[in-house]
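Note: the block below is upload.pdb and it holds PDB, C-alpha atoms and all ligand atoms.
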ATOM      1  CA  MET A  15     -34.370   3.870  34.649
ATOM      2  CA  ILE A  16     -37.766   2.285  34.038
ATOM      3  CA  LYS A  17     -40.603   2.204  36.562
ATOM      4  CA  PRO A  18     -41.021  -1.525  37.345
ATOM      5  CA  LYS A  19     -44.375  -2.940  36.248
ATOM      6  CA  ILE A  20     -46.345  -6.156  36.502
ATOM      7  CA  ILE A  21     -49.249  -7.486  34.451
ATOM      8  CA  VAL A  22     -51.046 -10.734  35.288
ATOM      9  CA  HIS A  23     -53.819 -12.806  33.698
ATOM     10  CA  GLY A  24     -56.028 -15.577  34.989
ATOM     11  CA  GLY A  25     -57.600 -16.837  31.785
ATOM     12  CA  ALA A  26     -59.709 -15.639  28.857
ATOM     13  CA  TRP A  27     -63.104 -17.346  28.433
ATOM     14  CA  ASP A  28     -66.779 -16.827  29.230
ATOM     15  CA  ILE A  29     -66.151 -16.552  32.970
ATOM     16  CA  PRO A  30     -69.524 -17.038  34.691
ATOM     17  CA  ALA A  31     -70.635 -14.190  36.971
ATOM     18  CA  HIS A  32     -70.462 -16.327  40.105
ATOM     19  CA  MET A  33     -66.745 -16.907  39.453
ATOM     20  CA  HIS A  34     -65.747 -13.263  38.819
ATOM     21  CA  LYS A  35     -64.857 -12.456  42.418
ATOM     22  CA  MET A  36     -62.811 -15.647  42.850
ATOM     23  CA  HIS A  37     -60.801 -14.606  39.816
ATOM     24  CA  THR A  38     -60.232 -11.001  40.869
ATOM     25  CA  ASP A  39     -59.356 -12.105  44.422
ATOM     26  CA  GLY A  40     -56.807 -14.593  43.060
ATOM     27  CA  ILE A  41     -55.259 -12.032  40.745
ATOM     28  CA  GLU A  42     -55.076  -9.396  43.458
ATOM     29  CA  LYS A  43     -53.338 -11.815  45.839
ATOM     30  CA  ALA A  44     -50.845 -12.809  43.138
ATOM     31  CA  LEU A  45     -50.175  -9.163  42.248
ATOM     32  CA  ARG A  46     -49.504  -8.307  45.902
ATOM     33  CA  LYS A  47     -47.030 -11.195  46.080
ATOM     34  CA  GLY A  48     -45.393  -9.897  42.902
ATOM     35  CA  ILE A  49     -45.091  -6.342  44.217
ATOM     36  CA  GLU A  50     -43.471  -7.644  47.422
ATOM     37  CA  ILE A  51     -40.899  -9.734  45.507
ATOM     38  CA  LEU A  52     -40.163  -6.986  42.975
ATOM     39  CA  GLN A  53     -39.654  -4.397  45.737
ATOM     40  CA  LYS A  54     -37.230  -6.731  47.535
ATOM     41  CA  THR A  55     -35.310  -8.135  44.578
ATOM     42  CA  ASN A  56     -35.893  -6.054  41.427
ATOM     43  CA  ASP A  57     -35.667  -9.504  39.790
ATOM     44  CA  PRO A  58     -38.255 -10.084  37.052
ATOM     45  CA  ILE A  59     -37.747 -13.869  36.994
ATOM     46  CA  GLU A  60     -38.229 -14.257  40.759
ATOM     47  CA  THR A  61     -41.270 -12.017  40.491
ATOM     48  CA  VAL A  62     -43.045 -13.906  37.681
ATOM     49  CA  ILE A  63     -42.323 -17.198  39.478
ATOM     50  CA  GLY A  64     -43.821 -15.877  42.742
ATOM     51  CA  ILE A  65     -46.919 -14.621  40.929
ATOM     52  CA  VAL A  66     -47.469 -17.784  38.902
ATOM     53  CA  CYS A  67     -46.932 -20.003  41.985
ATOM     54  CA  ALA A  68     -49.643 -18.011  43.804
ATOM     55  CA  LEU A  69     -52.008 -18.609  40.877
ATOM     56  CA  GLU A  70     -51.044 -22.309  40.591
ATOM     57  CA  ASP A  71     -51.798 -22.715  44.313
ATOM     58  CA  ASP A  72     -55.217 -21.080  43.915
ATOM     59  CA  PRO A  73     -57.805 -23.753  42.953
ATOM     60  CA  THR A  74     -59.820 -21.134  41.028
ATOM     61  CA  PHE A  75     -57.459 -21.412  38.082
ATOM     62  CA  ASP A  76     -56.611 -24.167  35.594
ATOM     63  CA  ALA A  77     -52.957 -24.392  36.620
ATOM     64  CA  GLY A  78     -51.347 -26.445  39.382
ATOM     65  CA  LYS A  79     -54.168 -27.180  41.846
ATOM     66  CA  GLY A  80     -57.459 -26.842  39.956
ATOM     67  CA  SER A  81     -56.125 -28.156  36.633
ATOM     68  CA  PHE A  82     -58.440 -29.948  34.231
ATOM     69  CA  LEU A  83     -58.433 -33.716  33.860
ATOM     70  CA  ASN A  84     -57.445 -35.131  30.480
ATOM     71  CA  GLU A  85     -59.375 -37.825  28.595
ATOM     72  CA  ALA A  86     -57.527 -40.520  30.580
ATOM     73  CA  GLY A  87     -58.462 -38.901  33.911
ATOM     74  CA  GLN A  88     -54.930 -37.592  34.530
ATOM     75  CA  VAL A  89     -53.705 -34.104  35.420
ATOM     76  CA  GLU A  90     -51.015 -33.190  32.880
ATOM     77  CA  MET A  91     -49.677 -29.643  33.116
ATOM     78  CA  ASP A  92     -47.596 -27.321  30.921
ATOM     79  CA  ALA A  93     -45.523 -24.274  31.916
ATOM     80  CA  GLY A  94     -42.880 -22.024  30.404
ATOM     81  CA  ILE A  95     -40.703 -19.094  31.432
ATOM     82  CA  MET A  96     -38.347 -16.735  29.570
ATOM     83  CA  HIS A  97     -35.817 -14.097  30.553
ATOM     84  CA  GLY A  98     -35.666 -11.233  28.077
ATOM     85  CA  LYS A  99     -32.126 -10.314  29.106
ATOM     86  CA  ASP A 100     -30.470 -13.396  27.571
ATOM     87  CA  LEU A 101     -33.443 -15.138  25.872
ATOM     88  CA  SER A 102     -33.021 -18.098  28.239
ATOM     89  CA  VAL A 103     -36.078 -20.343  28.291
ATOM     90  CA  GLY A 104     -37.280 -23.236  30.439
ATOM     91  CA  ALA A 105     -40.433 -25.271  29.952
ATOM     92  CA  VAL A 106     -42.163 -28.450  31.029
ATOM     93  CA  ALA A 107     -44.948 -30.191  29.169
ATOM     94  CA  ALA A 108     -47.414 -32.909  30.159
ATOM     95  CA  ILE A 109     -45.864 -33.071  33.627
ATOM     96  CA  GLN A 110     -47.843 -34.838  36.362
ATOM     97  CA  ASN A 111     -47.743 -34.844  40.179
ATOM     98  CA  ILE A 112     -46.103 -31.443  40.567
ATOM     99  CA  ARG A 113     -47.645 -28.669  42.639
ATOM    100  CA  ASN A 114     -45.851 -25.778  40.887
ATOM    101  CA  PRO A 115     -44.853 -26.625  37.297
ATOM    102  CA  ILE A 116     -43.444 -23.111  36.786
ATOM    103  CA  ILE A 117     -40.703 -23.874  39.339
ATOM    104  CA  ILE A 118     -39.648 -26.942  37.347
ATOM    105  CA  ALA A 119     -39.754 -24.920  34.118
ATOM    106  CA  ASN A 120     -37.382 -22.414  35.673
ATOM    107  CA  LEU A 121     -35.090 -25.203  36.917
ATOM    108  CA  VAL A 122     -34.949 -26.479  33.313
ATOM    109  CA  ARG A 123     -33.920 -22.933  32.295
ATOM    110  CA  GLU A 124     -31.284 -22.608  35.006
ATOM    111  CA  LYS A 125     -29.892 -26.106  35.456
ATOM    112  CA  THR A 126     -30.039 -27.897  32.113
ATOM    113  CA  GLN A 127     -28.712 -27.425  28.605
ATOM    114  CA  HIS A 128     -32.259 -27.793  27.306
ATOM    115  CA  VAL A 129     -35.352 -25.688  26.754
ATOM    116  CA  MET A 130     -38.071 -28.241  27.489
ATOM    117  CA  LEU A 131     -38.593 -31.514  29.332
ATOM    118  CA  THR A 132     -41.759 -33.553  29.000
ATOM    119  CA  GLY A 133     -43.793 -36.162  30.869
ATOM    120  CA  ASP A 134     -41.915 -38.735  32.946
ATOM    121  CA  GLY A 135     -38.549 -37.164  32.084
ATOM    122  CA  ALA A 136     -39.704 -33.821  33.468
ATOM    123  CA  LEU A 137     -40.950 -35.479  36.652
ATOM    124  CA  MET A 138     -37.681 -37.413  37.021
ATOM    125  CA  PHE A 139     -35.745 -34.147  36.653
ATOM    126  CA  ALA A 140     -37.954 -32.442  39.258
ATOM    127  CA  LYS A 141     -37.206 -35.247  41.741
ATOM    128  CA  GLU A 142     -33.465 -34.990  40.983
ATOM    129  CA  GLN A 143     -33.716 -31.304  41.855
ATOM    130  CA  GLY A 144     -35.237 -32.176  45.230
ATOM    131  CA  VAL A 145     -38.820 -31.239  44.392
ATOM    132  CA  GLN A 146     -41.295 -33.463  46.225
ATOM    133  CA  PRO A 147     -44.038 -34.905  43.956
ATOM    134  CA  VAL A 148     -47.669 -34.803  45.113
ATOM    135  CA  ASP A 149     -50.495 -37.282  44.552
ATOM    136  CA  THR A 150     -52.870 -36.352  41.718
ATOM    137  CA  ILE A 151     -55.647 -36.096  44.279
ATOM    138  CA  GLU A 152     -53.891 -33.046  45.761
ATOM    139  CA  LEU A 153     -54.189 -31.214  42.433
ATOM    140  CA  LEU A 154     -57.838 -32.068  41.910
ATOM    141  CA  VAL A 155     -60.846 -29.993  42.840
ATOM    142  CA  GLY A 156     -64.470 -31.202  42.826
ATOM    143  CA  ARG A 157     -65.405 -28.823  40.003
ATOM    144  CA  GLU A 158     -63.003 -30.559  37.598
ATOM    145  CA  LYS A 159     -63.982 -34.070  38.672
ATOM    146  CA  GLU A 160     -67.628 -33.210  37.945
ATOM    147  CA  LEU A 161     -66.759 -31.706  34.552
ATOM    148  CA  TYR A 162     -64.705 -34.794  33.675
ATOM    149  CA  HIS A 163     -67.562 -37.143  34.516
ATOM    150  CA  ASP A 164     -69.995 -34.954  32.509
ATOM    151  CA  LEU A 165     -67.641 -34.994  29.517
ATOM    152  CA  LEU A 166     -67.209 -38.766  29.728
ATOM    153  CA  LYS A 167     -70.914 -39.001  28.863
ATOM    154  CA  GLU A 168     -70.586 -36.773  25.763
ATOM    155  CA  LYS A 169     -70.012 -38.475  22.410
ATOM    156  CA  ASP A 170     -68.100 -35.702  20.660
ATOM    157  CA  VAL A 171     -66.336 -33.186  22.908
ATOM    158  CA  LYS A 172     -65.556 -29.932  21.050
ATOM    159  CA  ILE A 173     -62.651 -28.491  22.988
ATOM    160  CA  LYS A 174     -62.593 -25.104  21.196
ATOM    161  CA  SER A 175     -66.134 -24.424  22.355
ATOM    162  CA  PHE A 176     -64.921 -24.288  25.966
ATOM    163  CA  PHE A 177     -63.445 -20.862  25.249
ATOM    164  CA  GLU A 178     -66.699 -19.464  23.882
ATOM    165  CA  MET A 179     -69.087 -20.903  26.452
ATOM    166  CA  LYS A 180     -69.430 -21.088  30.192
ATOM    167  CA  HIS A 181     -66.817 -23.757  30.695
ATOM    168  CA  PRO A 182     -63.628 -23.126  32.602
ATOM    169  CA  SER A 183     -60.330 -22.364  30.936
ATOM    170  CA  ASP A 184     -58.001 -20.545  33.212
ATOM    171  CA  THR A 185     -54.409 -20.607  32.098
ATOM    172  CA  VAL A 186     -52.407 -18.143  34.199
ATOM    173  CA  GLY A 187     -49.496 -15.901  33.336
ATOM    174  CA  ALA A 188     -47.423 -12.869  34.243
ATOM    175  CA  VAL A 189     -45.065 -10.389  32.611
ATOM    176  CA  VAL A 190     -42.712  -8.176  34.627
ATOM    177  CA  ILE A 191     -40.226  -5.416  33.785
ATOM    178  CA  ASN A 192     -37.675  -4.258  36.368
ATOM    179  CA  SER A 193     -35.957  -0.892  36.771
ATOM    180  CA  HIS A 194     -33.172  -1.895  34.339
ATOM    181  CA  GLY A 195     -35.652  -2.766  31.610
ATOM    182  CA  ASN A 196     -35.184  -6.531  32.052
ATOM    183  CA  ILE A 197     -38.368  -8.385  31.145
ATOM    184  CA  ALA A 198     -39.582 -11.866  32.178
ATOM    185  CA  ALA A 199     -42.684 -13.735  31.050
ATOM    186  CA  ALA A 200     -44.218 -16.935  32.446
ATOM    187  CA  THR A 201     -47.304 -19.024  31.685
ATOM    188  CA  SER A 202     -48.745 -22.126  33.387
ATOM    189  CA  THR A 203     -51.767 -24.304  32.636
ATOM    190  CA  GLY A 204     -53.550 -27.567  33.120
ATOM    191  CA  GLY A 205     -54.410 -27.323  29.409
ATOM    192  CA  THR A 206     -57.884 -27.899  28.049
ATOM    193  CA  PRO A 207     -60.590 -30.135  29.550
ATOM    194  CA  PHE A 208     -60.677 -33.684  28.183
ATOM    195  CA  LYS A 209     -57.576 -33.180  26.047
ATOM    196  CA  LYS A 210     -55.880 -36.328  24.745
ATOM    197  CA  ALA A 211     -53.277 -37.759  27.107
ATOM    198  CA  GLY A 212     -49.938 -36.311  26.002
ATOM    199  CA  ARG A 213     -51.505 -33.264  24.342
ATOM    200  CA  VAL A 214     -49.284 -30.201  24.681
ATOM    201  CA  GLY A 215     -50.820 -26.781  24.179
ATOM    202  CA  ASP A 216     -49.380 -23.342  23.584
ATOM    203  CA  SER A 217     -48.438 -22.472  27.168
ATOM    204  CA  PRO A 218     -45.004 -24.178  27.340
ATOM    205  CA  ILE A 219     -44.079 -23.309  23.749
ATOM    206  CA  VAL A 220     -41.826 -20.293  23.430
ATOM    207  CA  GLY A 221     -43.304 -17.773  21.002
ATOM    208  CA  ALA A 222     -46.801 -19.181  21.437
ATOM    209  CA  GLY A 223     -47.655 -19.204  25.172
ATOM    210  CA  PHE A 224     -44.982 -16.744  26.247
ATOM    211  CA  TYR A 225     -42.106 -14.642  24.982
ATOM    212  CA  ALA A 226     -39.671 -12.112  26.445
ATOM    213  CA  ASP A 227     -36.980 -10.058  24.775
ATOM    214  CA  ASP A 228     -35.644  -6.894  26.439
ATOM    215  CA  THR A 229     -35.242  -5.300  23.004
ATOM    216  CA  CYS A 230     -38.983  -5.335  22.396
ATOM    217  CA  ALA A 231     -41.495  -6.854  24.872
ATOM    218  CA  GLY A 232     -42.685  -9.639  27.146
ATOM    219  CA  VAL A 233     -45.948 -11.476  26.452
ATOM    220  CA  SER A 234     -48.073 -14.211  28.061
ATOM    221  CA  THR A 235     -51.089 -15.685  26.292
ATOM    222  CA  THR A 236     -54.202 -17.622  27.283
ATOM    223  CA  GLY A 237     -57.070 -19.249  25.424
ATOM    224  CA  TRP A 238     -57.533 -21.957  22.809
ATOM    225  CA  GLY A 239     -54.002 -23.378  22.603
ATOM    226  CA  GLU A 240     -54.163 -24.872  19.126
ATOM    227  CA  GLY A 241     -55.059 -21.473  17.620
ATOM    228  CA  ILE A 242     -52.399 -19.681  19.649
ATOM    229  CA  LEU A 243     -49.794 -22.248  18.563
ATOM    230  CA  ARG A 244     -50.633 -22.001  14.880
ATOM    231  CA  THR A 245     -50.180 -18.221  14.905
ATOM    232  CA  LEU A 246     -47.314 -18.023  17.463
ATOM    233  CA  LEU A 247     -49.351 -15.380  19.221
ATOM    234  CA  ALA A 248     -46.788 -14.254  21.830
ATOM    235  CA  ARG A 249     -44.063 -13.793  19.242
ATOM    236  CA  GLU A 250     -46.511 -12.085  16.890
ATOM    237  CA  ALA A 251     -47.208  -9.441  19.558
ATOM    238  CA  ALA A 252     -43.504  -9.007  20.387
ATOM    239  CA  ASP A 253     -42.692  -8.631  16.686
ATOM    240  CA  GLN A 254     -45.358  -5.952  16.368
ATOM    241  CA  VAL A 255     -43.550  -3.950  19.076
ATOM    242  CA  LEU A 256     -40.191  -4.579  17.382
ATOM    243  CA  ASN A 257     -41.683  -3.030  14.255
ATOM    244  CA  GLY A 258     -42.601   0.136  16.154
ATOM    245  CA  THR A 259     -46.169  -0.614  17.240
ATOM    246  CA  SER A 260     -47.290   0.449  20.747
ATOM    247  CA  ALA A 261     -48.030  -2.249  23.355
ATOM    248  CA  HIS A 262     -51.728  -1.369  23.165
ATOM    249  CA  ASP A 263     -51.895  -1.693  19.365
ATOM    250  CA  ALA A 264     -49.652  -4.787  19.330
ATOM    251  CA  ALA A 265     -52.060  -6.589  21.668
ATOM    252  CA  LYS A 266     -55.071  -5.621  19.568
ATOM    253  CA  LYS A 267     -53.465  -6.370  16.194
ATOM    254  CA  SER A 268     -52.121  -9.770  17.271
ATOM    255  CA  ILE A 269     -55.469 -10.948  18.598
ATOM    256  CA  ALA A 270     -57.133  -9.719  15.376
ATOM    257  CA  ILE A 271     -54.544 -11.535  13.213
ATOM    258  CA  MET A 272     -55.108 -14.772  15.152
ATOM    259  CA  LYS A 273     -58.875 -14.428  14.802
ATOM    260  CA  LYS A 274     -58.625 -13.780  11.074
ATOM    261  CA  LYS A 275     -56.117 -16.536  10.303
ATOM    262  CA  VAL A 276     -57.402 -19.429  12.432
ATOM    263  CA  ASN A 277     -60.631 -18.169  14.061
ATOM    264  CA  GLY A 278     -58.875 -18.402  17.437
ATOM    265  CA  ASP A 279     -60.223 -17.430  20.858
ATOM    266  CA  ALA A 280     -57.600 -15.992  23.166
ATOM    267  CA  GLY A 281     -56.209 -13.171  25.257
ATOM    268  CA  LEU A 282     -52.748 -11.796  25.906
ATOM    269  CA  ILE A 283     -50.877  -9.484  28.253
ATOM    270  CA  ILE A 284     -47.836  -7.485  27.172
ATOM    271  CA  ILE A 285     -45.220  -5.096  28.584
ATOM    272  CA  ASP A 286     -42.992  -3.312  26.085
ATOM    273  CA  LYS A 287     -39.383  -2.224  26.648
ATOM    274  CA  THR A 288     -40.489   1.273  27.739
ATOM    275  CA  GLY A 289     -42.657  -0.233  30.493
ATOM    276  CA  ASP A 290     -46.014   0.368  28.808
ATOM    277  CA  TYR A 291     -48.405  -2.475  29.467
ATOM    278  CA  ALA A 292     -51.570  -3.584  27.666
ATOM    279  CA  PHE A 293     -53.859  -6.555  27.187
ATOM    280  CA  ASP A 294     -56.519  -7.666  24.739
ATOM    281  CA  HIS A 295     -58.851 -10.630  24.241
ATOM    282  CA  ASN A 296     -61.610 -11.726  21.887
ATOM    283  CA  THR A 297     -63.226 -14.093  24.393
ATOM    284  CA  PRO A 298     -66.267 -12.800  26.310
ATOM    285  CA  PHE A 299     -64.154 -12.120  29.424
ATOM    286  CA  MET A 300     -60.570 -12.037  30.602
ATOM    287  CA  ALA A 301     -59.325 -11.914  34.192
ATOM    288  CA  VAL A 302     -56.476  -9.404  34.353
ATOM    289  CA  GLY A 303     -54.621  -7.097  36.717
ATOM    290  CA  ALA A 304     -51.624  -4.782  36.692
ATOM    291  CA  ALA A 305     -49.372  -3.013  39.163
ATOM    292  CA  THR A 306     -46.337  -0.807  39.501
ATOM    293  CA  ILE A 307     -43.729  -1.165  42.198
ATOM    294  CA  ASP A 308     -45.863   1.240  44.293
ATOM    295  CA  GLY A 309     -49.093  -0.742  44.258
ATOM    296  CA  ILE A 310     -51.973  -2.154  42.255
ATOM    297  CA  ASP A 311     -53.171  -0.188  39.208
ATOM    298  CA  PHE A 312     -56.232  -2.329  38.505
ATOM    299  CA  VAL A 313     -57.728  -5.802  38.860
ATOM    300  CA  LYS A 314     -60.763  -6.645  36.756
ATOM    301  CA  ILE A 315     -62.789  -9.016  34.677
ATOM    302  CA  SER A 316     -62.482  -7.333  31.301
ATOM    303  CA  SER A 317     -65.448  -7.849  28.994
ATOM    304  CA  ARG A 318     -65.219  -7.760  25.223
TER     305      ARG A 318
HETATM  306  N1  LIG A 401     -53.957 -22.111  26.507
HETATM  307  C1  LIG A 401     -53.969 -23.296  27.241
HETATM  308  C2  LIG A 401     -54.051 -24.505  26.421
HETATM  309  O1  LIG A 401     -54.703 -24.505  25.373
HETATM  310  O2  LIG A 401     -53.481 -25.485  26.803
END

Take the structure from the file and write it as structure tokens.
Amino acid sequence: MIKPKIIVHGGAWDIPAHMHKMHTDGIEKALRKGIEILQKTNDPIETVIGIVCALEDDPTFDAGKGSFLNEAGQVEMDAGIMHGKDLSVGAVAAIQNIRNPIIIANLVREKTQHVMLTGDGALMFAKEQGVQPVDTIELLVGREKELYHDLLKEKDVKIKSFFEMKHPSDTVGAVVINSHGNIAAATSTGGTPFKKAGRVGDSPIVGAGFYADDTCAGVSTTGWGEGILRTLLAREAADQVLNGTSAHDAAKKSIAIMKKKVNGDAGLIIIDKTGDYAFDHNTPFMAVGAATIDGIDFVKISSR
């Protein structure tokens, strides 16, 4: 039997000091929700969904409510989830008007023969499943409207720089292992500020934004999506564990490989099949927390 564990992130970027407490409060609340679900159900999928919904509902983070606006002034969100027991995956990309994209991603996993639905098709599927859409206005917060209007005035927006400077980028994610060693991973995001309409990042792409396989590890990533995608960061970390590397070293090595190959800026959380958890990031800060079934181990803004 394994001691059930949870690890959660709320983004890797240069989180300004005045936003540190909002981030740690949000992570702590999500962790407490996760502990409650895991104690009741021992179900890693239910637990990662509960955690990610709590983070999507918290306007602090760039996921669900609080998501960035794209270049066209829309809120398009991405989310993905994976069960390490059977490698089942569900994802949605560029979905609009949905409060909790991770729930739709999981419905794709459970109720369709597919791995991913996008855009209008994903929204149509959500409605078929009885999920009530929301107006975009309900997903917007003033902070993002202001940023959008500032960016509209800029001639040449450099999206990668958002991860190195004091601009928000708060993808959220969770990895959970239950007492049987079953692992689930989930990631949700509003993407990057001022992205092109239709742009899909790493978060809903299996192997990039998330990965879970009970034979090695579960991983959720955050940061500059294009760099994470090009190095399949989540799968890279899981493969490191498969090759005998510890969770701690796998996190560090994978981030270093990404940096070296594509000069990426990112963070990741990982739980290996023995229940060891770890995280690493090469951004100035990362919001992260972890717990066992008995309570919270830590919640912090990690600095590089
Ligand atoms: N990692 C979030 C994104 O680039 O969309």

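When atom CA of Leu52 of chain A is paired with atom CA of Val190 of chain A, their separation reads 8.8 Å.
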
Contacts of ligand LIG 401 (chain A), 6 Å or closer, all atoms listed in the file, given as a PDB file with C-alpha atoms, in the coordinates of the input:
ATOM      1  CA  THR A 185     -54.409 -20.607  32.098  1.00  0.00           C
ATOM      2  CA  THR A 203     -51.767 -24.304  32.636  1.00  0.00           C
ATOM      3  CA  GLY A 205     -54.410 -27.323  29.409  1.00  0.00           C
ATOM      4  CA  THR A 206     -57.884 -27.899  28.049  1.00  0.00           C
ATOM      5  CA  GLY A 215     -50.820 -26.781  24.179  1.00  0.00           C
ATOM      6  CA  ASP A 216     -49.380 -23.342  23.584  1.00  0.00           C
ATOM      7  CA  SER A 217     -48.438 -22.472  27.168  1.00  0.00           C
ATOM      8  CA  THR A 236     -54.202 -17.622  27.283  1.00  0.00           C
ATOM      9  CA  GLY A 237     -57.070 -19.249  25.424  1.00  0.00           C
ATOM     10  CA  TRP A 238     -57.533 -21.957  22.809  1.00  0.00           C
ATOM     11  CA  GLY A 239     -54.002 -23.378  22.603  1.00  0.00           C
TER      12      GLY A 239
END

List as a PDB file with C-alpha atoms, in the frame of the given file the protein and nucleic acid residues near segment 141-152 of chain A, meaning an atom at most 12 Å away when only C-alpha atoms are counted, but skip any in the same chain fewer than 5 places from it.
ATOM      1  CA  ASP A  71     -51.798 -22.715  44.313  1.00  0.00           C
ATOM      2  CA  PRO A  73     -57.805 -23.753  42.953  1.00  0.00           C
ATOM      3  CA  GLY A  78     -51.347 -26.445  39.382  1.00  0.00           C
ATOM      4  CA  LYS A  79     -54.168 -27.180  41.846  1.00  0.00           C
ATOM      5  CA  GLY A  80     -57.459 -26.842  39.956  1.00  0.00           C
ATOM      6  CA  SER A  81     -56.125 -28.156  36.633  1.00  0.00           C
ATOM      7  CA  PHE A  82     -58.440 -29.948  34.231  1.00  0.00           C
ATOM      8  CA  LEU A  83     -58.433 -33.716  33.860  1.00  0.00           C
ATOM      9  CA  GLY A  87     -58.462 -38.901  33.911  1.00  0.00           C
ATOM     10  CA  GLN A  88     -54.930 -37.592  34.530  1.00  0.00           C
ATOM     11  CA  VAL A  89     -53.705 -34.104  35.420  1.00  0.00           C
ATOM     12  CA  GLU A  90     -51.015 -33.190  32.880  1.00  0.00           C
ATOM     13  CA  MET A  91     -49.677 -29.643  33.116  1.00  0.00           C
ATOM     14  CA  ILE A 109     -45.864 -33.071  33.627  1.00  0.00           C
ATOM     15  CA  GLN A 110     -47.843 -34.838  36.362  1.00  0.00           C
ATOM     16  CA  ASN A 111     -47.743 -34.844  40.179  1.00  0.00           C
ATOM     17  CA  ILE A 112     -46.103 -31.443  40.567  1.00  0.00           C
ATOM     18  CA  ARG A 113     -47.645 -28.669  42.639  1.00  0.00           C
ATOM     19  CA  ASN A 114     -45.851 -25.778  40.887  1.00  0.00           C
ATOM     20  CA  PRO A 115     -44.853 -26.625  37.297  1.00  0.00           C
ATOM     21  CA  ILE A 117     -40.703 -23.874  39.339  1.00  0.00           C
ATOM     22  CA  ILE A 118     -39.648 -26.942  37.347  1.00  0.00           C
ATOM     23  CA  ALA A 119     -39.754 -24.920  34.118  1.00  0.00           C
ATOM     24  CA  ASN A 120     -37.382 -22.414  35.673  1.00  0.00           C
ATOM     25  CA  LEU A 121     -35.090 -25.203  36.917  1.00  0.00           C
ATOM     26  CA  VAL A 122     -34.949 -26.479  33.313  1.00  0.00           C
ATOM     27  CA  GLU A 124     -31.284 -22.608  35.006  1.00  0.00           C
ATOM     28  CA  LYS A 125     -29.892 -26.106  35.456  1.00  0.00           C
ATOM     29  CA  THR A 126     -30.039 -27.897  32.113  1.00  0.00           C
ATOM     30  CA  ASP A 134     -41.915 -38.735  32.946  1.00  0.00           C
ATOM     31  CA  GLY A 135     -38.549 -37.164  32.084  1.00  0.00           C
ATOM     32  CA  ALA A 136     -39.704 -33.821  33.468  1.00  0.00           C
ATOM     33  CA  GLU A 158     -63.003 -30.559  37.598  1.00  0.00           C
ATOM     34  CA  LYS A 159     -63.982 -34.070  38.672  1.00  0.00           C
TER      35      LYS A 159
END

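Among the candidates A:Asp279, A:Asp39, A:Asp92, A:Asp227, the one nearest to Thr74 of chain A when counting all atoms listed in the file is A:Asp39.
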
### Message
Which residues are close to segment 98-103 of chain A, i.e. within 10 Å by only C-alpha atoms, leaving aside same-chain residues fewer than 2 positions away? Reply as a PyMOL selection string.
### Response
chain A and resi 58-59+94-96+105+119-124+128-130+191+194-200+218-220+224-232+287

8 Å per side around segment 191-198 of chain A: axis-aligned box centre and edge lengths, as AutoDock Vina command-line options:
--center_x -36.7 --center_y -6.4 --center_z 34.0 --size_x 23.1 --size_y 27.0 --size_z 21.6

### Task
Run the PyMOL selection byres (((chain A and resi 296-305) around 8) and not hetatm) mentally over the shown coordinates, then write out the matched residues as a ChimeraX atom specification, using the chain letters and numbers from the document.
/A:19-29,37-38,41-42,45,49,177-178,269,279-281,294-295,306-318

### Task
To one decimal in Å, tell me the separation between atom CA of Gly48 of chain A and atom CA of Val66 of chain A.
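A separation of 9.1 Å between them.
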
Atoms kept (C-alpha atoms) for segment 259-285 of chain A, as a PDB file, in the first residue's frame:
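Result file follows (decode_34.pdb):
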ATOM      1  CA  THR A 259      15.723   8.448 -11.992  1.00  0.00           C
ATOM      2  CA  SER A 260      14.188   9.723  -8.721  1.00  0.00           C
ATOM      3  CA  ALA A 261      11.214  12.123  -8.881  1.00  0.00           C
ATOM      4  CA  HIS A 262      13.443  14.918  -7.574  1.00  0.00           C
ATOM      5  CA  ASP A 263      16.144  14.374 -10.217  1.00  0.00           C
ATOM      6  CA  ALA A 264      13.589  13.772 -12.994  1.00  0.00           C
ATOM      7  CA  ALA A 265      12.012  17.172 -12.315  1.00  0.00           C
ATOM      8  CA  LYS A 266      15.386  18.912 -12.314  1.00  0.00           C
ATOM      9  CA  LYS A 267      16.771  17.105 -15.370  1.00  0.00           C
ATOM     10  CA  SER A 268      13.639  17.662 -17.469  1.00  0.00           C
ATOM     11  CA  ILE A 269      13.542  21.387 -16.780  1.00  0.00           C
ATOM     12  CA  ALA A 270      17.278  21.593 -17.591  1.00  0.00           C
ATOM     13  CA  ILE A 271      16.789  19.662 -20.864  1.00  0.00           C
ATOM     14  CA  MET A 272      13.953  21.999 -21.888  1.00  0.00           C
ATOM     15  CA  LYS A 273      16.055  25.054 -21.065  1.00  0.00           C
ATOM     16  CA  LYS A 274      19.018  23.737 -23.033  1.00  0.00           C
ATOM     17  CA  LYS A 275      17.058  22.593 -26.087  1.00  0.00           C
ATOM     18  CA  VAL A 276      14.579  25.449 -26.584  1.00  0.00           C
ATOM     19  CA  ASN A 277      15.458  28.066 -23.929  1.00  0.00           C
ATOM     20  CA  GLY A 278      12.079  27.376 -22.304  1.00  0.00           C
ATOM     21  CA  ASP A 279      10.660  28.870 -19.108  1.00  0.00           C
ATOM     22  CA  ALA A 280       8.540  26.457 -17.119  1.00  0.00           C
ATOM     23  CA  GLY A 281       7.834  24.464 -13.990  1.00  0.00           C
ATOM     24  CA  LEU A 282       6.529  20.986 -13.289  1.00  0.00           C
ATOM     25  CA  ILE A 283       5.162  18.852 -10.472  1.00  0.00           C
ATOM     26  CA  ILE A 284       5.635  15.088 -10.332  1.00  0.00           C
ATOM     27  CA  ILE A 285       4.664  12.068  -8.216  1.00  0.00           C
TER      28      ILE A 285
END
